[in-house]
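K.L.:
Attaching a single structure in structure tokens format; questions to follow.
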Amino acid sequence: MRISGRMAFVPALAGLLLLVLTPAARSASLTSTRLDEAVLDEMNFARARPAEYARELRRELRDADDPAAVADAIEFLERQSPLPPLKDDRRIAAAAYQHTAAQGARGDVGHGAAGGLGQRLRGQGVWAGVSAENISYGYDDPRDVVRQLIIDSGVPGRGHRRNIFATGYQLAGVACGPHRAYGSMCVIDFAGALAQR
């Protein structure tokens, strides 16, 4: 969230305001931020306040396309302990961007374009002991991207949700862009246990 004018002189007040933003206000405050940064912010909000995220999902339950998957996500979030934020890493974001650029232009889906995740990370100088990748297609709003991955409708084992809430990942990189078939896509790469090279 950018702070300008008089708010620049009151950072404590700005932090307090961020804590009390409603979901609609949180989305509106992100309109001037790049989508990839906003997606990471939304994931970190869900990680830091899973019970609050569950309450937001509960309000939308009756209009859901897959109520059972939403109910499963709510139950998970209500049990989930708060987690520290994932730190943005530009090298990991560059690896995610490679995948977005290659796949989006062709309209492909899956994790294989531009080499595998490990290869893309190493190409950016990242040697991760653990890594994972989430991809969202067809959404260009940060809340929609993250909610879709947390609900994880139709995904056996809810692997995207597990990645978002895994304690082994400390870093993430997000790259969103156009997709030939679905209009938009976001690649979210996670990494942890980095080895120094």
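Chains: A, B, ... in order of the structure tokens. Residues: from 1 per chain. Ligands: from 1, in order shown.
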Name all residues at most 12 Å from Val109 of chain A (count only C-alpha atoms; drop same-chain ones fewer than 6 positions away) and give them as a count of residues only.
P.N.:
17
K.L.:
How would you write, as a PyMOL selection string, the set of residues in chain A that DSSP gives as alpha helix (DSSP H)?
P.N.:
chain A and resi 11-20+23-29+35-48+50-59+67-79+90-106+117-123+142-151+159-164
K.L.:
Could you name the residues that touch Gln119 of chain A at 12 Å or less, counting only C-alpha atoms, but leaving out those on the same chain fewer than 6 positions away, as a ChimeraX atom specification?
P.N.:
/A:92,95-96,98-99,111-113,125-128,131
K.L.:
Could you write those residues out with N, CA and C atoms, as a JSON list (two decimals), in the first residue's frame?
P.N.:
[["chain", "number", "residue", "atom", "x", "y", "z"],
["A", 92, "ILE", "N", 13.05, -15.22, -7.88],
["A", 92, "ILE", "CA", 11.97, -16.21, -8.01],
["A", 92, "ILE", "C", 10.87, -15.65, -8.90],
["A", 95, "ALA", "N", 11.84, -16.17, -12.45],
["A", 95, "ALA", "CA", 11.59, -17.54, -12.89],
["A", 95, "ALA", "C", 10.11, -17.73, -13.21],
["A", 96, "ALA", "N", 9.23, -17.15, -12.38],
["A", 96, "ALA", "CA", 7.79, -17.22, -12.64],
["A", 96, "ALA", "C", 7.45, -16.49, -13.94],
["A", 98, "GLN", "N", 9.33, -16.11, -16.57],
["A", 98, "GLN", "CA", 9.73, -16.93, -17.72],
["A", 98, "GLN", "C", 8.59, -17.86, -18.12],
["A", 99, "HIS", "N", 7.97, -18.47, -17.12],
["A", 99, "HIS", "CA", 6.89, -19.41, -17.39],
["A", 99, "HIS", "C", 5.66, -18.68, -17.92],
["A", 111, "HIS", "N", 2.79, -27.01, -15.94],
["A", 111, "HIS", "CA", 4.02, -26.54, -15.31],
["A", 111, "HIS", "C", 5.27, -26.73, -16.17],
["A", 112, "GLY", "N", 5.11, -27.22, -17.42],
["A", 112, "GLY", "CA", 6.29, -27.61, -18.19],
["A", 112, "GLY", "C", 6.92, -26.56, -19.07],
["A", 113, "ALA", "N", 6.25, -25.46, -19.42],
["A", 113, "ALA", "CA", 6.84, -24.47, -20.33],
["A", 113, "ALA", "C", 8.08, -23.84, -19.71],
["A", 125, "GLY", "N", 19.76, -18.22, -10.35],
["A", 125, "GLY", "CA", 20.69, -18.23, -9.22],
["A", 125, "GLY", "C", 20.07, -18.66, -7.91],
["A", 126, "VAL", "N", 18.94, -19.38, -7.95],
["A", 126, "VAL", "CA", 18.26, -19.83, -6.75],
["A", 126, "VAL", "C", 18.37, -21.35, -6.66],
["A", 127, "TRP", "N", 19.06, -21.84, -5.64],
["A", 127, "TRP", "CA", 19.14, -23.27, -5.38],
["A", 127, "TRP", "C", 18.29, -23.54, -4.15],
["A", 128, "ALA", "N", 17.06, -24.01, -4.37],
["A", 128, "ALA", "CA", 16.11, -24.21, -3.28],
["A", 128, "ALA", "C", 16.07, -25.67, -2.87],
["A", 131, "SER", "N", 10.71, -26.43, -3.29],
["A", 131, "SER", "CA", 10.07, -25.44, -4.16],
["A", 131, "SER", "C", 8.75, -26.00, -4.66]]
K.L.:
If we count only C-alpha atoms and set the cut-off at 8 Å, which residues sit around Asp141 of chain A, ignoring sequence neighbours fewer than 3 positions away in its own chain? Please answer as a ChimeraX atom specification.
P.N.:
/A:35,144-145
K.L.:
For the structure I just gave you, how does DSSP split chain A - specifically, which residues are strand (DSSP E)? Reply as a ChimeraX atom specification.
P.N.:
/A:87-88,127-137,171-179,183-195
K.L.:
Between A:Leu86, A:Asp65, A:Ala172, A:Ile150, which has the minimum distance to Ala48 of chain A (counting only C-alpha atoms)?
P.N.:
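Once distances to Ala48 of chain A are computed over only C-alpha atoms, the minimum belongs to A:Leu86.
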K.L.:
Work out how far apart atom CA of Ala38 of chain A and atom CA of Arg90 of chain A are and give it in Å to one decimal.
P.N.:
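Interatomic distance, atom CA of Ala38 of chain A to atom CA of Arg90 of chain A: 14.7 Å.
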K.L.:
Grab the atom CA of Tyr97 of chain A to atom CA of Leu117 of chain A distance for me, in Å with one decimal place.
P.N.:
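About the pair atom CA of Tyr97 of chain A and atom CA of Leu117 of chain A: they are 11.3 Å apart.
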